[in-house]
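Content type mmCIF, C-alpha atoms (C1' of nucleotides), from the file work-v4.cif:
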data_coords
loop_
_atom_site.label_atom_id
_atom_site.label_comp_id
_atom_site.auth_asym_id
_atom_site.auth_seq_id
_atom_site.Cartn_x
_atom_site.Cartn_y
_atom_site.Cartn_z
CA MET A 970 -14.46 6.45 -4.93
CA THR A 971 -15.04 3.92 -2.26
CA LYS A 972 -13.23 6.05 0.24
CA GLN A 973 -16.21 6.12 2.53
CA ALA A 974 -14.63 3.11 4.11
CA GLY A 975 -11.89 5.37 5.35
CA SER A 976 -14.16 7.83 7.04
CA LEU A 977 -16.12 5.08 8.66
CA ALA A 978 -13.00 3.60 10.15
CA LEU A 979 -12.10 7.05 11.36
CA THR A 980 -15.34 7.36 13.25
CA ASP A 981 -14.84 4.08 14.96
CA LEU A 982 -11.26 4.76 15.76
CA ASN A 983 -12.12 8.04 17.35
CA ALA A 984 -14.47 6.29 19.71
CA GLU A 985 -13.13 4.96 22.96
CA THR A 986 -13.29 1.42 21.79
CA PRO A 987 -10.97 -0.83 23.77
CA CYS A 988 -10.77 -2.66 20.50
CA CYS A 989 -7.22 -3.79 20.30
CA PRO A 990 -5.52 -6.37 22.44
CA PRO A 991 -2.10 -7.33 21.13
CA LEU A 992 -2.12 -9.02 17.79
CA ALA A 993 -0.14 -11.91 19.19
CA ARG A 994 -2.50 -12.42 22.10
CA GLN A 995 -5.62 -13.26 20.20
CA ARG A 996 -6.63 -13.43 16.62
CA VAL A 997 -7.59 -10.05 15.25
CA PRO A 998 -11.20 -10.17 14.02
CA ALA A 999 -11.88 -9.17 10.44
CA GLU A 1000 -13.72 -6.09 11.65
CA THR A 1001 -10.78 -4.84 13.67
CA ALA A 1002 -8.37 -5.66 10.88
CA ALA A 1003 -10.45 -3.60 8.48
CA MET A 1004 -10.29 -0.70 10.90
CA MET A 1005 -6.58 -0.79 11.66
CA ALA A 1006 -5.13 -1.84 8.32
CA PRO A 1007 -5.65 1.58 6.70
CA ALA A 1008 -3.58 3.19 9.44
CA PHE A 1009 -0.73 0.76 8.86
CA LYS A 1010 -1.07 1.29 5.15
CA ALA A 1011 -0.78 5.03 5.67
CA LEU A 1012 2.48 4.45 7.52
CA GLY A 1013 3.62 2.08 4.82
CA ASP A 1014 5.27 4.78 2.77
CA PRO A 1015 8.70 6.18 3.67
CA VAL A 1016 7.64 9.76 3.02
CA ARG A 1017 4.54 9.46 5.17
CA LEU A 1018 6.46 7.71 7.92
CA GLN A 1019 8.90 10.60 8.00
CA LEU A 1020 6.09 13.14 7.84
CA MET A 1021 4.36 11.38 10.71
CA SER A 1022 7.57 11.43 12.71
CA MET A 1023 8.29 15.07 11.97
CA ILE A 1024 4.80 15.99 13.13
CA ALA A 1025 4.79 13.77 16.20
CA SER A 1026 8.26 14.83 17.29
CA ALA A 1027 7.76 18.53 16.70
CA PRO A 1028 8.66 20.64 19.74
CA ASP A 1029 5.18 22.14 20.14
CA GLY A 1030 3.46 18.97 19.07
CA GLU A 1031 2.62 20.48 15.75
CA ALA A 1032 4.36 21.09 12.47
CA CYS A 1033 3.74 23.63 9.75
CA VAL A 1034 3.44 22.41 6.18
CA CYS A 1035 5.91 25.13 5.30
CA ASP A 1036 8.46 23.25 7.40
CA LEU A 1037 7.50 19.80 6.16
CA THR A 1038 7.55 20.40 2.42
CA PRO A 1039 11.16 21.59 2.02
CA ALA A 1040 12.36 18.51 3.92
CA PHE A 1041 11.65 16.40 0.85
CA GLU A 1042 12.51 16.64 -2.78
CA LEU A 1043 8.87 16.40 -3.69
CA SER A 1044 6.38 18.90 -5.00
CA GLY A 1045 3.96 20.70 -2.70
CA PRO A 1046 0.91 18.85 -4.03
CA THR A 1047 2.60 15.53 -3.44
CA ILE A 1048 3.34 16.36 0.18
CA SER A 1049 -0.20 17.65 0.54
CA HIS A 1050 -1.47 14.39 -0.86
CA HIS A 1051 0.52 12.37 1.65
CA LEU A 1052 -0.68 14.56 4.49
CA LYS A 1053 -4.23 14.00 3.35
CA THR A 1054 -3.61 10.27 3.47
CA LEU A 1055 -2.37 10.56 7.05
CA ARG A 1056 -5.39 12.72 7.88
CA GLU A 1057 -7.86 10.24 6.40
CA ALA A 1058 -6.16 7.44 8.29
CA GLY A 1059 -6.86 9.35 11.51
CA LEU A 1060 -3.19 9.69 12.33
CA VAL A 1061 -3.00 13.47 12.23
CA ASP A 1062 -5.19 16.53 12.55
CA ALA A 1063 -4.88 19.68 10.47
CA GLU A 1064 -5.64 23.21 11.58
CA ARG A 1065 -5.35 26.43 9.64
CA ARG A 1066 -4.10 29.42 11.61
CA GLY A 1067 -3.76 32.45 9.43
CA THR A 1068 -1.62 31.79 6.45
CA TRP A 1069 -0.23 28.47 7.51
CA VAL A 1070 -1.65 25.04 8.12
CA TYR A 1071 -0.41 23.10 11.12
CA TYR A 1072 -0.51 19.37 11.56
CA ARG A 1073 -0.74 17.63 14.90
CA ALA A 1074 -0.43 13.95 15.74
CA ARG A 1075 -3.34 12.01 17.18
CA PRO A 1076 -1.70 9.96 19.91
CA ASP A 1077 -4.75 7.78 20.51
CA LEU A 1078 -4.57 5.90 17.26
CA LEU A 1079 -0.79 5.76 17.35
CA ARG A 1080 -0.93 4.24 20.80
CA ARG A 1081 -3.54 1.77 19.67
CA LEU A 1082 -1.37 0.65 16.81
CA ALA A 1083 1.58 0.24 19.13
CA THR A 1084 -0.52 -1.85 21.49
CA LEU A 1085 -1.68 -4.04 18.66
CA LEU A 1086 1.91 -4.81 17.74
CA THR A 1087 3.07 -5.33 21.28
CA ILE A 1088 4.69 -8.65 21.93
CA GLU A 1089 4.49 -9.95 25.43
CA THR A 1090 8.00 -11.00 26.27
CA PRO A 1091 7.78 -14.56 27.47
CA GLY A 1092 10.45 -13.76 30.02
CA GLU A 1093 12.84 -16.11 28.35
CA THR A 1094 14.86 -15.56 25.24
CA ARG A 1095 13.22 -18.30 23.34
CA THR A 1096 10.58 -20.94 23.71
CA GLY A 1097 12.17 -24.26 22.97
CA MET B 1245 26.26 -0.50 -0.87
CA THR B 1246 23.50 -0.66 -3.37
CA LYS B 1247 20.19 0.12 -1.82
CA GLN B 1248 18.03 -2.63 -3.14
CA ALA B 1249 15.07 -1.74 -1.01
CA GLY B 1250 13.51 -5.14 -0.43
CA SER B 1251 16.27 -7.56 0.35
CA LEU B 1252 18.56 -5.02 1.90
CA ALA B 1253 15.93 -3.96 4.36
CA LEU B 1254 15.43 -7.57 5.32
CA THR B 1255 19.09 -8.05 5.99
CA ASP B 1256 19.34 -4.96 8.11
CA LEU B 1257 16.19 -5.72 9.99
CA ASN B 1258 17.42 -9.14 10.87
CA ALA B 1259 20.51 -7.64 12.39
CA GLU B 1260 20.43 -6.42 15.94
CA THR B 1261 20.40 -2.79 14.98
CA PRO B 1262 19.10 -0.59 17.78
CA CYS B 1263 17.73 1.50 14.97
CA CYS B 1264 14.40 2.71 16.19
CA PRO B 1265 13.66 5.14 18.94
CA PRO B 1266 10.00 6.17 19.12
CA LEU B 1267 8.77 8.03 16.09
CA ALA B 1268 7.51 10.83 18.30
CA ARG B 1269 10.77 11.21 20.13
CA GLN B 1270 12.98 12.16 17.24
CA ARG B 1271 12.57 12.51 13.55
CA VAL B 1272 12.90 9.22 11.73
CA PRO B 1273 15.75 9.42 9.24
CA ALA B 1274 15.02 8.64 5.62
CA GLU B 1275 17.12 5.50 5.84
CA THR B 1276 15.18 4.13 8.78
CA ALA B 1277 11.90 5.08 7.16
CA ALA B 1278 12.87 3.18 4.04
CA MET B 1279 13.61 0.16 6.20
CA MET B 1280 10.47 0.18 8.31
CA ALA B 1281 7.86 1.38 5.83
CA PRO B 1282 7.69 -1.94 3.96
CA ALA B 1283 6.81 -3.70 7.21
CA PHE B 1284 3.96 -1.29 7.88
CA LYS B 1285 2.87 -1.60 4.29
CA ALA B 1286 2.77 -5.37 4.67
CA LEU B 1287 0.45 -4.94 7.67
CA GLY B 1288 -1.62 -2.44 5.73
CA ASP B 1289 -3.94 -5.03 4.32
CA PRO B 1290 -6.77 -6.53 6.37
CA VAL B 1291 -6.08 -10.04 5.17
CA ARG B 1292 -2.38 -9.81 5.99
CA LEU B 1293 -3.10 -8.24 9.36
CA GLN B 1294 -5.34 -11.16 10.20
CA LEU B 1295 -2.81 -13.64 8.86
CA MET B 1296 -0.12 -12.02 10.96
CA SER B 1297 -2.33 -12.22 13.99
CA MET B 1298 -3.30 -15.82 13.39
CA ILE B 1299 0.36 -16.74 13.10
CA ALA B 1300 1.53 -14.69 16.05
CA SER B 1301 -1.27 -15.85 18.31
CA ALA B 1302 -1.08 -19.50 17.37
CA PRO B 1303 -0.78 -21.78 20.41
CA ASP B 1304 2.57 -23.23 19.41
CA GLY B 1305 3.79 -19.99 17.93
CA GLU B 1306 3.33 -21.31 14.45
CA ALA B 1307 0.48 -21.79 12.05
CA CYS B 1308 0.03 -24.15 9.13
CA VAL B 1309 -1.01 -22.77 5.78
CA CYS B 1310 -3.65 -25.45 5.76
CA ASP B 1311 -5.23 -23.74 8.76
CA LEU B 1312 -4.80 -20.23 7.46
CA THR B 1313 -6.24 -20.65 3.98
CA PRO B 1314 -9.75 -21.85 4.91
CA ALA B 1315 -10.13 -18.91 7.30
CA PHE B 1316 -10.65 -16.63 4.31
CA GLU B 1317 -12.82 -16.71 1.28
CA LEU B 1318 -9.80 -16.34 -0.94
CA SER B 1319 -8.00 -18.72 -3.23
CA GLY B 1320 -4.91 -20.59 -2.12
CA PRO B 1321 -2.61 -18.64 -4.41
CA THR B 1322 -3.89 -15.37 -3.02
CA ILE B 1323 -3.20 -16.42 0.56
CA SER B 1324 0.20 -17.68 -0.51
CA HIS B 1325 0.88 -14.33 -2.11
CA HIS B 1326 -0.01 -12.47 1.08
CA LEU B 1327 2.16 -14.80 3.12
CA LYS B 1328 5.02 -14.16 0.75
CA THR B 1329 4.53 -10.44 1.29
CA LEU B 1330 4.73 -10.93 5.05
CA ARG B 1331 7.80 -13.09 4.58
CA GLU B 1332 9.54 -10.54 2.39
CA ALA B 1333 8.74 -7.85 4.91
CA GLY B 1334 10.58 -9.90 7.51
CA LEU B 1335 7.50 -10.32 9.66
CA VAL B 1336 7.25 -14.09 9.45
CA ASP B 1337 9.36 -17.11 8.76
CA ALA B 1338 8.29 -20.16 6.82
CA GLU B 1339 9.38 -23.71 7.39
CA ARG B 1340 8.34 -26.80 5.55
CA ARG B 1341 7.91 -29.93 7.66
CA GLY B 1342 6.75 -32.83 5.58
CA THR B 1343 3.65 -32.02 3.66
CA TRP B 1344 2.79 -28.77 5.35
CA VAL B 1345 4.40 -25.39 5.60
CA TYR B 1346 4.36 -23.66 8.94
CA TYR B 1347 4.64 -19.94 9.49
CA ARG B 1348 6.13 -18.40 12.57
CA ALA B 1349 6.18 -14.76 13.64
CA ARG B 1350 9.44 -12.88 13.98
CA PRO B 1351 8.97 -11.02 17.25
CA ASP B 1352 12.05 -8.85 16.74
CA LEU B 1353 10.67 -6.79 13.92
CA LEU B 1354 7.21 -6.69 15.43
CA ARG B 1355 8.65 -5.36 18.65
CA ARG B 1356 10.67 -2.80 16.74
CA LEU B 1357 7.57 -1.56 14.98
CA ALA B 1358 5.74 -1.30 18.27
CA THR B 1359 8.61 0.68 19.76
CA LEU B 1360 8.62 3.03 16.81
CA LEU B 1361 4.95 3.80 17.36
CA THR B 1362 5.23 4.12 21.11
CA ILE B 1363 4.00 7.41 22.50
CA GLU B 1364 5.36 8.55 25.78
CA THR B 1365 2.26 9.36 27.76
CA PRO B 1366 2.17 13.03 28.76
CA GLY B 1367 0.62 12.25 32.13
CA GLU B 1368 3.35 9.75 32.78
CA THR B 1369 6.10 12.26 33.28
CA ARG B 1370 9.20 10.73 34.70
CA THR B 1371 9.87 12.60 37.89
CA GLY B 1372 13.57 13.03 37.93
"C1'" DA C 1497 6.66 -45.26 -10.05
"C1'" DC C 1498 2.15 -43.20 -9.89
"C1'" DG C 1499 -1.61 -40.53 -8.47
"C1'" DT C 1500 -3.30 -37.46 -4.64
"C1'" DT C 1501 -3.01 -33.55 -1.79
"C1'" DG C 1502 -0.87 -29.25 -0.27
"C1'" DT C 1503 1.71 -25.05 -1.59
"C1'" DT C 1504 4.05 -21.85 -4.53
"C1'" DT C 1505 4.98 -19.63 -9.00
"C1'" DC C 1506 3.42 -17.73 -13.49
"C1'" DG C 1507 0.55 -14.93 -16.49
"C1'" DA C 1508 -3.00 -11.87 -16.76
"C1'" DC C 1509 -6.13 -8.14 -15.54
"C1'" DA C 1510 -8.68 -4.54 -12.84
"C1'" DA C 1511 -8.00 -1.38 -9.17
"C1'" DC C 1512 -5.15 1.45 -6.48
"C1'" DT C 1513 -1.04 4.54 -5.46
"C1'" DG C 1514 2.63 8.09 -6.04
"C1'" DT C 1515 3.75 11.73 -8.67
"C1'" DC C 1516 3.46 15.99 -11.21
"C1'" DA C 1517 1.45 20.20 -13.76
"C1'" DA C 1518 -2.26 23.18 -13.71
"C1'" DC C 1519 -5.80 25.30 -11.38
"C1'" DC C 1520 -8.43 26.88 -7.28
"C1'" DT C 1521 -9.13 28.68 -2.33
"C1'" DA C 1522 -7.86 31.23 2.01
"C1'" DG C 1523 -5.66 34.68 4.25
"C1'" DA C 1524 -2.26 38.91 4.39
"C1'" DC C 1525 -1.18 43.39 2.85
"C1'" DG C 1526 -1.53 47.37 0.56
"C1'" DC D 56 -10.65 45.81 -4.25
"C1'" DG D 57 -6.46 43.65 -6.29
"C1'" DT D 58 -2.47 41.10 -5.77
"C1'" DC D 59 0.77 38.13 -3.59
"C1'" DT D 60 1.92 33.87 -1.07
"C1'" DA D 61 0.84 29.34 1.17
"C1'" DG D 62 -1.83 25.15 0.60
"C1'" DG D 63 -5.18 22.19 -1.24
"C1'" DT D 64 -7.74 20.01 -5.21
"C1'" DT D 65 -8.21 18.09 -9.84
"C1'" DG D 66 -6.85 15.43 -13.77
"C1'" DA D 67 -3.67 12.60 -15.87
"C1'" DC D 68 -0.07 9.23 -16.13
"C1'" DA D 69 3.19 5.32 -15.02
"C1'" DG D 70 4.08 1.92 -11.74
"C1'" DT D 71 2.41 -1.18 -8.16
"C1'" DT D 72 -0.89 -4.27 -5.82
"C1'" DG D 73 -4.73 -7.73 -5.07
"C1'" DT D 74 -6.89 -11.22 -7.18
"C1'" DC D 75 -7.66 -15.31 -9.80
"C1'" DG D 76 -6.90 -19.63 -12.95
"C1'" DA D 77 -3.52 -22.60 -14.68
"C1'" DA D 78 0.61 -24.75 -14.14
"C1'" DA D 79 4.64 -26.28 -11.57
"C1'" DC D 80 6.71 -28.10 -7.52
"C1'" DA D 81 7.00 -31.02 -3.09
"C1'" DA D 82 5.83 -34.79 -0.15
"C1'" DC D 83 2.94 -38.51 1.15
"C1'" DG D 84 0.38 -43.20 0.48
"C1'" DT D 85 -0.05 -47.02 -2.12
#
Would you write out, as structure tokens, the structure that this file holds?
Amino acid sequence: MTKQAGSLALTDLNAETPCCPPLARQRVPAETAAMMAPAFKALGDPVRLQLMSMIASAPDGEACVCDLTPAFELSGPTISHHLKTLREAGLVDAERRGTWVYYRARPDLLRRLATLLTIETPGETRTG
Amino acid sequence: MTKQAGSLALTDLNAETPCCPPLARQRVPAETAAMMAPAFKALGDPVRLQLMSMIASAPDGEACVCDLTPAFELSGPTISHHLKTLREAGLVDAERRGTWVYYRARPDLLRRLATLLTIETPGETRTG
DNA sequence: ACGTTGTTTCGACAACTGTCAACCTAGACG
DNA sequence: CGTCTAGGTTGACAGTTGTCGAAACAACGT
């Protein structure tokens, strides 16, 4: 299990590193790529992308697993597995309150990813 | 329409579909998720993320494979494979000019991904 | 036409991922 | 304490992915 890489990335991502100018502005260093790629990978599955959206768009900013699971035709363990992937990628946080577990989005990383993908509009439709 | 994930997604993504409000604004429909996830997946590899960045940040907006390959300690076929993945995800375009093949970023999809990840800052409440 | 150089495709293999069934843990309720 | 329900973990399996070497394809120089 070489999943220590994941946790390490998490640590770094949680820091206030101003690590990520837009991808199109300057070449992403290998170190940054290694940190951000797992987050993109986590979003690279339709189920997880929907889960992420359901969590991030929840009215109270958090979603109960009991609401997430029935939204898919997948078994509980499978949903749990996907949620774990999102957790390990640093995209969501989980909290148990009584019987239920609630998931909450981590806007920091999400915002960082968005920044990385940002394209600076040249102001014109096309260059040449 | 048959939903052949790969090529169909490409077609749709190339169109001017206003498909993607921020992920945190409203729940991403399964259809949209199926369209966007492959793009995130393509960026979910450190090598491809760097390739994407090298292409997108290239001075002339395009990068030659002959410049990309030596930037990694990977074989030519492997780099070519990653580039193909980016191509199939609709993130880049390839064009052969004489001996060399040049890759160019497709800002449309990149911008759409960024929009999808955009978080509306809570402190930035629109007054009125 | 031929050989040289650059790039992609093919074939193969190890590693990883998505999925489920079965089991285990945490809290609620009697 | 015992039992029920909600979730998470483990183990196993098929399918996919990352990687390479070898071969095929494309364009240039001679």
Output the contact residues of chain D with respect to chain A at a cut-off of 8 Å, based on only C-alpha atoms (C1' of nucleotides), as a PDB file with C-alpha atoms (C1' of nucleotides), in the frame of the given file.
ATOM      1  C1'  DA D  61       0.840  29.340   1.170  1.00  0.00           C
ATOM      2  C1'  DG D  62      -1.830  25.150   0.600  1.00  0.00           C
ATOM      3  C1'  DG D  63      -5.180  22.190  -1.240  1.00  0.00           C
TER       4       DG D  63
END
Contacts of Ala1315 in chain B within 12 Å, all atoms listed in the file, excl. fewer than 6 positions in-chain, as a list of chain:residue names: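 Non-adjacent residues within range: A:Arg996, A:Pro998, A:Ala999, B:Val1291, B:Gln1294, B:Leu1295, B:Met1298, B:Ala1307, B:Cys1308, B:Val1309, B:Ile1323.
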Could you work out an axis-aligned bounding box for all listed atoms of range 60-77 of chain D, with 3 Å added on each of the six sides, and give its centre and edge lengths in Å to one decimal, as AutoDock Vina command-line options?
--center_x -2.1 --center_y 5.6 --center_z -7.5 --size_x 18.3 --size_y 62.5 --size_z 23.3
Decode the PyMOL selection byres ((chain A) within 7 of (chain B)) for the given file into explicit residues and return them as an NGL selection string. :A and (992-997 or 999 or 1002-1003 or 1006-1007 or 1009-1010 or 1012-1015 or 1018-1019 or 1022-1023 or 1025-1026 or 1076 or 1079-1080 or 1083 or 1086-1088)
Nearest to chain C, restricted to only C-alpha atoms (C1' of nucleotides) and choosing among A:Thr1047, A:Arg1075, A:Leu1055, A:Glu1064, comes out as A:Thr1047
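Shortest separation to chain C among A:Glu1031, A:Leu1037, A:Arg1066, A:Leu1052 occurs at residue A:Arg1066, atoms counted being only C-alpha atoms (C1' of nucleotides).
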For DT72 in chain D, work out the shell of residues within 10 Å, counting all atoms listed in the file and skipping chain neighbours fewer than 5 positions away, then give it as an mmCIF file with C-alpha atoms (C1' of nucleotides), in the frame of the given file.
data_model
loop_
_atom_site.group_PDB
_atom_site.id
_atom_site.type_symbol
_atom_site.label_atom_id
_atom_site.label_comp_id
_atom_site.auth_asym_id
_atom_site.auth_seq_id
_atom_site.Cartn_x
_atom_site.Cartn_y
_atom_site.Cartn_z
ATOM 1 C "C1'" DA C 1511 -8.000 -1.380 -9.170
ATOM 2 C "C1'" DC C 1512 -5.150 1.450 -6.480
ATOM 3 C "C1'" DT C 1513 -1.040 4.540 -5.460
#
Quick check on the file I pasted: which residues fall under the PyMOL selection byres ((chain C) within 10 of (chain A))? Write them as a list in words.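 So the PyMOL selection byres ((chain C) within 10 of (chain A)), applied here, picks out DG1514, DT1515, DC1516, DA1517, DA1522, DG1523 and DA1524 of chain C.
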Go ahead and write the residues just picked, C-alpha atoms (C1' of nucleotides), as a tab-separated table (two decimals), in the coordinates of the input.
chain	number	residue	atom	x	y	z
C	1514	DG	C1'	2.63	8.09	-6.04
C	1515	DT	C1'	3.75	11.73	-8.67
C	1516	DC	C1'	3.46	15.99	-11.21
C	1517	DA	C1'	1.45	20.20	-13.76
C	1522	DA	C1'	-7.86	31.23	2.01
C	1523	DG	C1'	-5.66	34.68	4.25
C	1524	DA	C1'	-2.26	38.91	4.39
Running the PyMOL selection byres ((chain C and resi 1525) around 12) on this model by hand, what would come out? Give it as a PyMOL selection string. (chain C and resi 1523-1524+1526) or (chain D and resi 57-60)
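For the pair C1' of DT1504 in chain C and CA of Ala1338 in chain B, the interatomic distance is 12.2 Å.
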DG1499 in chain C surroundings by all atoms listed in the file, 12 Å radius, close-in-sequence under 2 positions cut, as a PyMOL selection string: (chain C and resi 1497+1501) or (chain D and resi 83-85)
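Atom pair CA of Arg1056 in chain A / CA of Tyr1072 in chain A: separated by 9.0 Å.
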Which distance in Å separates CA of Tyr1346 in chain B and CA of Glu1332 in chain B, to one decimal? 15.6 Å
Contact residues around DT1505 in chain C with all atoms listed in the file at 9 Å, ignoring same-chain residues under 4 positions, as a list in words: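 Here the answer would be Pro1321 of chain B; DA78, DA79 and DC80 of chain D.
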